[in-house]
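Visitor: Structure file entry.csv (CSV, C-alpha atoms) right here:
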```csv
chain,number,residue,atom,x,y,z
A,1,VAL,CA,154.7,-166.7,-78.7
A,2,LEU,CA,151.1,-165.8,-77.7
A,3,ASP,CA,150.3,-165.7,-74.1
A,4,PRO,CA,147.4,-168.1,-73.5
A,5,SER,CA,146.1,-166.1,-70.5
A,6,LYS,CA,145.8,-163.0,-72.7
A,7,ILE,CA,144.0,-164.9,-75.4
A,8,GLU,CA,141.5,-166.2,-72.9
A,9,ALA,CA,141.0,-162.7,-71.5
A,10,VAL,CA,140.3,-161.4,-75.0
A,11,VAL,CA,137.8,-164.2,-75.8
A,12,ALA,CA,136.1,-163.7,-72.4
A,13,GLU,CA,135.8,-159.9,-73.1
A,14,LYS,CA,134.2,-160.5,-76.5
A,15,VAL,CA,131.8,-163.1,-75.0
A,16,ALA,CA,130.8,-160.6,-72.3
A,17,ALA,CA,130.3,-157.8,-74.9
A,18,ARG,CA,128.1,-160.0,-77.0
A,19,ARG,CA,126.0,-161.0,-74.0
A,20,LEU,CA,125.6,-157.4,-72.9
A,21,LYS,CA,124.5,-156.4,-76.5
A,22,HIS,CA,122.0,-159.3,-76.5
A,23,GLU,CA,120.6,-158.3,-73.1
A,24,GLN,CA,120.3,-154.7,-74.1
A,25,ALA,CA,118.5,-155.7,-77.3
A,26,ASN,CA,116.0,-157.8,-75.3
A,27,LEU,CA,115.4,-155.0,-72.9
A,28,ALA,CA,114.7,-152.6,-75.8
A,29,ARG,CA,112.1,-155.1,-77.2
A,30,LYS,CA,110.4,-155.6,-73.8
A,31,LEU,CA,106.8,-154.3,-73.9
A,32,THR,CA,105.2,-152.3,-71.2
A,33,PRO,CA,102.0,-153.6,-69.6
A,34,LYS,CA,100.0,-151.2,-71.8
A,35,GLU,CA,101.8,-152.3,-74.9
A,36,ARG,CA,101.3,-156.0,-74.1
A,37,ALA,CA,97.6,-155.4,-73.6
A,38,GLU,CA,97.4,-153.6,-77.0
A,39,LYS,CA,99.3,-156.4,-78.7
A,40,LYS,CA,96.9,-159.0,-77.1
A,41,PHE,CA,93.8,-157.2,-78.3
A,42,SER,CA,95.3,-156.7,-81.8
A,43,THR,CA,95.3,-160.4,-82.4
A,44,PHE,CA,91.5,-160.3,-82.5
A,45,ALA,CA,91.6,-157.6,-85.2
A,46,ASN,CA,94.2,-159.4,-87.3
A,47,VAL,CA,92.6,-162.8,-87.3
A,48,ASP,CA,91.5,-164.1,-90.8
A,49,LEU,CA,87.9,-163.1,-91.3
A,50,THR,CA,87.7,-163.5,-95.0
A,51,LYS,CA,84.9,-166.0,-94.6
A,52,GLY,CA,83.0,-163.7,-92.2
A,53,LEU,CA,82.6,-163.3,-88.5
A,54,SER,CA,80.9,-166.2,-86.7
A,55,CYS,CA,79.2,-166.3,-83.4
A,56,ALA,CA,78.0,-169.1,-81.1
A,57,LEU,CA,75.9,-169.1,-77.9
A,58,PHE,CA,76.1,-172.0,-75.4
A,59,TYR,CA,74.0,-172.8,-72.4
A,60,VAL,CA,76.0,-174.3,-69.5
A,61,ARG,CA,74.3,-175.3,-66.3
A,62,ASN,CA,77.4,-174.8,-64.1
A,63,MET,CA,80.6,-173.0,-65.1
A,64,SER,CA,82.1,-172.8,-61.6
A,65,HIS,CA,84.6,-175.6,-61.8
A,66,PRO,CA,88.2,-174.3,-62.3
A,67,TYR,CA,88.8,-177.0,-65.0
A,68,HIS,CA,86.0,-175.7,-67.2
A,69,ARG,CA,86.8,-172.0,-66.7
A,70,ALA,CA,90.5,-172.5,-67.5
A,71,LYS,CA,90.0,-174.7,-70.5
A,72,VAL,CA,87.3,-172.4,-72.1
A,73,ASP,CA,89.5,-169.3,-71.4
A,74,LEU,CA,92.8,-170.8,-72.6
A,75,ASN,CA,91.3,-172.0,-75.9
A,76,ALA,CA,89.4,-168.8,-76.6
A,77,GLN,CA,92.6,-166.9,-76.3
A,78,GLN,CA,94.5,-169.6,-78.4
A,79,TRP,CA,91.9,-169.3,-81.3
A,80,SER,CA,91.5,-165.4,-81.1
A,81,ILE,CA,87.9,-165.8,-79.9
A,82,SER,CA,86.3,-162.8,-78.2
A,83,GLY,CA,83.1,-162.9,-76.0
A,84,GLY,CA,83.0,-164.4,-72.6
A,85,VAL,CA,81.0,-166.1,-69.9
A,86,ILE,CA,78.0,-164.4,-68.2
A,87,GLU,CA,77.1,-166.5,-65.2
A,88,VAL,CA,74.4,-166.3,-62.5
A,89,THR,CA,75.3,-168.4,-59.5
A,90,ASN,CA,73.0,-171.4,-58.9
A,91,HIS,CA,71.1,-170.6,-62.1
A,92,MET,CA,73.1,-171.0,-65.4
A,93,SER,CA,75.8,-169.5,-67.6
A,94,LEU,CA,75.8,-168.1,-71.1
A,95,VAL,CA,79.0,-168.6,-73.1
A,96,ILE,CA,79.4,-166.2,-76.1
A,97,ALA,CA,82.1,-166.9,-78.7
A,98,GLU,CA,82.8,-164.8,-81.7
A,99,GLY,CA,85.6,-165.2,-84.2
A,100,SER,CA,86.5,-166.6,-87.6
A,101,ALA,CA,84.4,-169.5,-89.0
A,102,LYS,CA,87.3,-171.9,-88.4
A,103,SER,CA,87.9,-170.8,-84.8
A,104,ILE,CA,84.2,-171.1,-84.0
A,105,LYS,CA,84.0,-174.5,-85.5
A,106,ARG,CA,86.9,-175.6,-83.2
A,107,PHE,CA,85.3,-174.0,-80.2
A,108,VAL,CA,81.9,-175.7,-80.9
A,109,ARG,CA,83.6,-179.0,-81.0
A,110,LEU,CA,85.5,-178.3,-77.8
A,111,MET,CA,82.3,-177.3,-76.0
A,112,THR,CA,80.0,-180.0,-77.3
A,113,VAL,CA,82.2,-183.0,-77.9
A,114,ARG,CA,85.6,-182.8,-76.2
A,115,MET,CA,84.9,-181.1,-73.0
A,116,LYS,CA,84.4,-183.2,-69.8
A,117,TRP,CA,81.3,-181.5,-68.2
A,118,SER,CA,80.2,-184.1,-65.6
A,119,GLU,CA,81.6,-186.9,-63.6
A,120,GLU,CA,80.0,-189.3,-66.0
A,121,ASP,CA,82.3,-187.9,-68.7
A,122,GLY,CA,85.3,-189.3,-66.8
A,123,ASN,CA,87.0,-186.6,-64.7
A,124,GLU,CA,90.0,-188.7,-63.8
A,125,ASP,CA,89.9,-191.3,-66.5
A,126,LYS,CA,90.4,-188.7,-69.3
A,127,MET,CA,93.1,-186.9,-67.4
A,128,ASP,CA,96.1,-185.9,-69.6
A,129,SER,CA,99.1,-187.6,-68.0
A,130,ASP,CA,101.5,-185.4,-70.0
A,131,ALA,CA,100.2,-182.2,-68.7
A,132,ILE,CA,102.9,-179.8,-67.6
A,133,ASN,CA,102.1,-177.0,-65.1
A,134,GLY,CA,98.4,-177.9,-65.6
A,135,GLN,CA,98.4,-177.4,-69.4
A,136,SER,CA,99.1,-179.5,-72.4
A,137,THR,CA,98.0,-179.7,-76.0
A,138,GLU,CA,95.7,-182.1,-77.9
A,139,SER,CA,95.3,-182.3,-81.7
A,140,ASN,CA,92.0,-181.7,-83.4
A,141,GLU,CA,90.9,-183.6,-86.5
A,142,ASP,CA,92.1,-180.6,-88.7
A,143,GLY,CA,95.6,-180.8,-87.2
A,144,THR,CA,95.2,-177.7,-85.0
A,145,GLU,CA,96.2,-177.7,-81.4
A,146,GLU,CA,93.8,-177.5,-78.5
A,147,LEU,CA,95.1,-176.5,-75.1
A,148,ASP,CA,94.1,-178.9,-72.4
A,149,VAL,CA,94.1,-178.5,-68.6
A,150,SER,CA,95.0,-181.4,-66.3
A,151,THR,CA,92.7,-182.4,-63.5
A,152,LYS,CA,95.5,-184.0,-61.5
A,153,ASN,CA,95.6,-181.3,-58.8
A,154,THR,CA,91.9,-180.7,-58.8
A,155,THR,CA,90.1,-182.3,-55.9
A,156,THR,CA,86.7,-180.6,-56.5
A,157,PRO,CA,84.4,-183.1,-58.3
A,158,PHE,CA,82.5,-182.2,-61.4
A,159,ASP,CA,78.8,-181.4,-61.1
A,160,PRO,CA,77.1,-184.8,-62.0
A,161,ASN,CA,74.2,-182.9,-63.4
A,162,ASN,CA,76.2,-180.4,-65.4
A,163,GLU,CA,75.5,-180.0,-69.1
A,164,CYS,CA,76.4,-177.8,-72.1
A,165,ALA,CA,74.4,-177.2,-75.3
A,166,LEU,CA,74.9,-175.1,-78.4
A,167,VAL,CA,71.8,-172.8,-78.5
A,168,TRP,CA,72.6,-170.7,-81.6
A,169,GLN,CA,75.3,-170.3,-84.2
A,170,GLY,CA,75.4,-167.8,-87.0
A,171,SER,CA,77.2,-164.8,-88.5
A,172,GLN,CA,77.4,-161.2,-87.4
A,173,PRO,CA,78.8,-158.0,-89.0
A,174,LYS,CA,81.3,-157.1,-86.2
A,175,ARG,CA,82.7,-158.1,-82.9
A,176,ASN,CA,80.8,-157.0,-79.8
A,177,PHE,CA,83.6,-157.7,-77.4
A,178,LYS,CA,87.3,-156.7,-77.4
A,179,ASN,CA,88.5,-159.9,-75.6
A,180,PHE,CA,87.2,-162.9,-73.7
A,181,LEU,CA,86.0,-162.2,-70.1
A,182,PHE,CA,84.2,-163.8,-67.3
A,183,GLN,CA,81.5,-161.9,-65.4
A,184,THR,CA,79.4,-163.1,-62.5
A,185,CYS,CA,76.0,-161.5,-61.9
A,186,THR,CA,73.7,-161.8,-58.9
A,187,SER,CA,70.5,-162.4,-60.9
A,188,ALA,CA,69.2,-163.2,-64.4
A,189,ILE,CA,67.9,-159.6,-64.5
A,190,SER,CA,71.3,-158.1,-63.9
A,191,ALA,CA,72.9,-160.5,-66.4
A,192,ARG,CA,70.5,-159.4,-69.1
A,193,LYS,CA,71.2,-155.8,-68.3
A,194,VAL,CA,74.9,-156.4,-68.8
A,195,LEU,CA,74.2,-157.7,-72.3
A,196,GLU,CA,71.5,-155.1,-73.0
A,197,ALA,CA,74.1,-152.4,-72.6
A,198,LYS,CA,75.8,-153.9,-75.7
A,199,GLY,CA,72.5,-154.3,-77.6
A,200,LEU,CA,72.6,-158.1,-76.9
A,201,GLY,CA,69.8,-158.6,-74.4
A,202,HIS,CA,68.3,-161.2,-76.8
A,203,PHE,CA,71.3,-163.4,-76.3
A,204,TRP,CA,70.2,-164.0,-72.7
A,205,ASP,CA,66.6,-164.4,-73.8
A,206,GLN,CA,67.7,-167.3,-76.0
A,207,ILE,CA,69.3,-169.3,-73.3
A,208,GLU,CA,66.4,-168.6,-70.9
A,209,GLN,CA,64.1,-170.0,-73.5
A,210,TYR,CA,66.4,-173.0,-74.0
A,211,LYS,CA,66.4,-173.7,-70.3
A,212,LYS,CA,62.6,-173.7,-70.2
A,213,GLU,CA,62.1,-175.8,-73.4
A,214,PRO,CA,65.4,-177.5,-74.3
A,215,ASP,CA,63.8,-180.2,-76.4
A,216,THR,CA,61.9,-177.8,-78.7
A,217,LEU,CA,65.0,-175.9,-79.9
A,218,SER,CA,67.5,-177.0,-82.5
```
Render the structure in this file as structure tokens.
Guide:
Amino acid sequence: VLDPSKIEAVVAEKVAARRLKHEQANLARKLTPKERAEKKFSTFANVDLTKGLSCALFYVRNMSHPYHRAKVDLNAQQWSISGGVIEVTNHMSLVIAEGSAKSIKRFVRLMTVRMKWSEEDGNEDKMDSDAINGQSTESNEDGTEELDVSTKNTTTPFDPNNECALVWQGSQPKRNFKNFLFQTCTSAISARKVLEAKGLGHFWDQIEQYKKEPDTLS
């Protein structure tokens, strides 16, 4: 007759062995900070660019609100978009987005249609009630997901005069940025110098021109 206690001991030993093996395998697969960064950057290189690399420039009057910063950043990462936000406090911001044609199409829709830029757009009325930890997903018309950010815990009101506009959209031969970053500059001159270092000073010139004559540009 088999001893039940011995059977339980054998089973427990096998379960513990399987758990240890699983934990050791997970530890072996764990990436170092450097490896995680390299993996993150590789997503930009591996994105489907069979239809070419697209780029879009946006003028934003005020990018200081945490909601706007988080939503732009999260969706840029989600769609493998590189570029970033060059902002001059109390002046304006330039948002640069470069990626596949499909990704840029989604990003343009996010910036010009779906984003809540001012209080008139309904800061609280459009709040996502299903947001978890400040984030949720919404579906676009093409079935892709868009990361949303809840305004539930945000007490700072939106700038009532805030606005966003697509200034230019086109194609380019290669990426000018490795990832998507935010950079704050003290003046328009220093902002242009940042871009000039990458040979992109004309990007800043375009939104400066838009700000002066918004109704004359398409």
Visitor: Which residues are near range 198-212 of chain A? Cut-off 8 Å, all atoms listed in the file, ignore same chain within fewer than 4 positions. Put them as an mmCIF file with C-alpha atoms, keeping the file's coordinate frame.
Guide:
```cif
data_model
loop_
_atom_site.group_PDB
_atom_site.id
_atom_site.type_symbol
_atom_site.label_atom_id
_atom_site.label_comp_id
_atom_site.auth_asym_id
_atom_site.auth_seq_id
_atom_site.Cartn_x
_atom_site.Cartn_y
_atom_site.Cartn_z
ATOM 1 C CA LEU A 57 75.900 -169.100 -77.900
ATOM 2 C CA PHE A 58 76.100 -172.000 -75.400
ATOM 3 C CA TYR A 59 74.000 -172.800 -72.400
ATOM 4 C CA LEU A 94 75.800 -168.100 -71.100
ATOM 5 C CA VAL A 167 71.800 -172.800 -78.500
ATOM 6 C CA ASN A 176 80.800 -157.000 -79.800
ATOM 7 C CA ALA A 191 72.900 -160.500 -66.400
ATOM 8 C CA ARG A 192 70.500 -159.400 -69.100
ATOM 9 C CA LYS A 193 71.200 -155.800 -68.300
ATOM 10 C CA VAL A 194 74.900 -156.400 -68.800
ATOM 11 C CA LEU A 217 65.000 -175.900 -79.900
#
```
Visitor: Could you check how far CA of Lys116 in chain A sits from CA of Ala188 in chain A, in Å to one decimal?
Guide: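 Straight-line distance from CA of Lys116 in chain A to CA of Ala188 in chain A works out to 25.7 Å.
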Visitor: Quick one: of A:Phe158, A:Trp117, A:Trp79, A:Phe107, who's nearest to Asn179 in chain A, counting only C-alpha atoms?
Guide: A:Trp79
Visitor: Within 10 Å of (73.4, -173.6, -62.9) (file coordinates; all atoms listed in the file), which protein or nucleic acid residues are there? I'd like them as an mmCIF file with C-alpha atoms, in the frame of the given file.
Guide:
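File selection-v4.cif, as written:
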```
data_model
loop_
_atom_site.group_PDB
_atom_site.id
_atom_site.type_symbol
_atom_site.label_atom_id
_atom_site.label_comp_id
_atom_site.auth_asym_id
_atom_site.auth_seq_id
_atom_site.Cartn_x
_atom_site.Cartn_y
_atom_site.Cartn_z
ATOM 1 C CA TYR A 59 74.000 -172.800 -72.400
ATOM 2 C CA VAL A 60 76.000 -174.300 -69.500
ATOM 3 C CA ARG A 61 74.300 -175.300 -66.300
ATOM 4 C CA ASN A 62 77.400 -174.800 -64.100
ATOM 5 C CA MET A 63 80.600 -173.000 -65.100
ATOM 6 C CA SER A 64 82.100 -172.800 -61.600
ATOM 7 C CA GLU A 87 77.100 -166.500 -65.200
ATOM 8 C CA VAL A 88 74.400 -166.300 -62.500
ATOM 9 C CA THR A 89 75.300 -168.400 -59.500
ATOM 10 C CA ASN A 90 73.000 -171.400 -58.900
ATOM 11 C CA HIS A 91 71.100 -170.600 -62.100
ATOM 12 C CA MET A 92 73.100 -171.000 -65.400
ATOM 13 C CA SER A 93 75.800 -169.500 -67.600
ATOM 14 C CA ASP A 159 78.800 -181.400 -61.100
ATOM 15 C CA ASN A 161 74.200 -182.900 -63.400
ATOM 16 C CA ASN A 162 76.200 -180.400 -65.400
ATOM 17 C CA GLU A 163 75.500 -180.000 -69.100
#
```
Visitor: Kindly extract all protein, DNA and RNA residues lying within 12 Å of the coordinates (83.9, -157.1, -77.9) given in the file, considering all atoms listed in the file, and supply them as a PyMOL selection string.
Guide: chain A and resi 41+44-45+55+80-84+96-99+174-181+195+198-200
Visitor: Could those residues be written to a file, using C-alpha atoms, as a CSV table (one decimal), keeping the file's coordinate frame?
Guide:
```csv
chain,number,residue,atom,x,y,z
A,41,PHE,CA,93.8,-157.2,-78.3
A,44,PHE,CA,91.5,-160.3,-82.5
A,45,ALA,CA,91.6,-157.6,-85.2
A,55,CYS,CA,79.2,-166.3,-83.4
A,80,SER,CA,91.5,-165.4,-81.1
A,81,ILE,CA,87.9,-165.8,-79.9
A,82,SER,CA,86.3,-162.8,-78.2
A,83,GLY,CA,83.1,-162.9,-76.0
A,84,GLY,CA,83.0,-164.4,-72.6
A,96,ILE,CA,79.4,-166.2,-76.1
A,97,ALA,CA,82.1,-166.9,-78.7
A,98,GLU,CA,82.8,-164.8,-81.7
A,99,GLY,CA,85.6,-165.2,-84.2
A,174,LYS,CA,81.3,-157.1,-86.2
A,175,ARG,CA,82.7,-158.1,-82.9
A,176,ASN,CA,80.8,-157.0,-79.8
A,177,PHE,CA,83.6,-157.7,-77.4
A,178,LYS,CA,87.3,-156.7,-77.4
A,179,ASN,CA,88.5,-159.9,-75.6
A,180,PHE,CA,87.2,-162.9,-73.7
A,181,LEU,CA,86.0,-162.2,-70.1
A,195,LEU,CA,74.2,-157.7,-72.3
A,198,LYS,CA,75.8,-153.9,-75.7
A,199,GLY,CA,72.5,-154.3,-77.6
A,200,LEU,CA,72.6,-158.1,-76.9
```
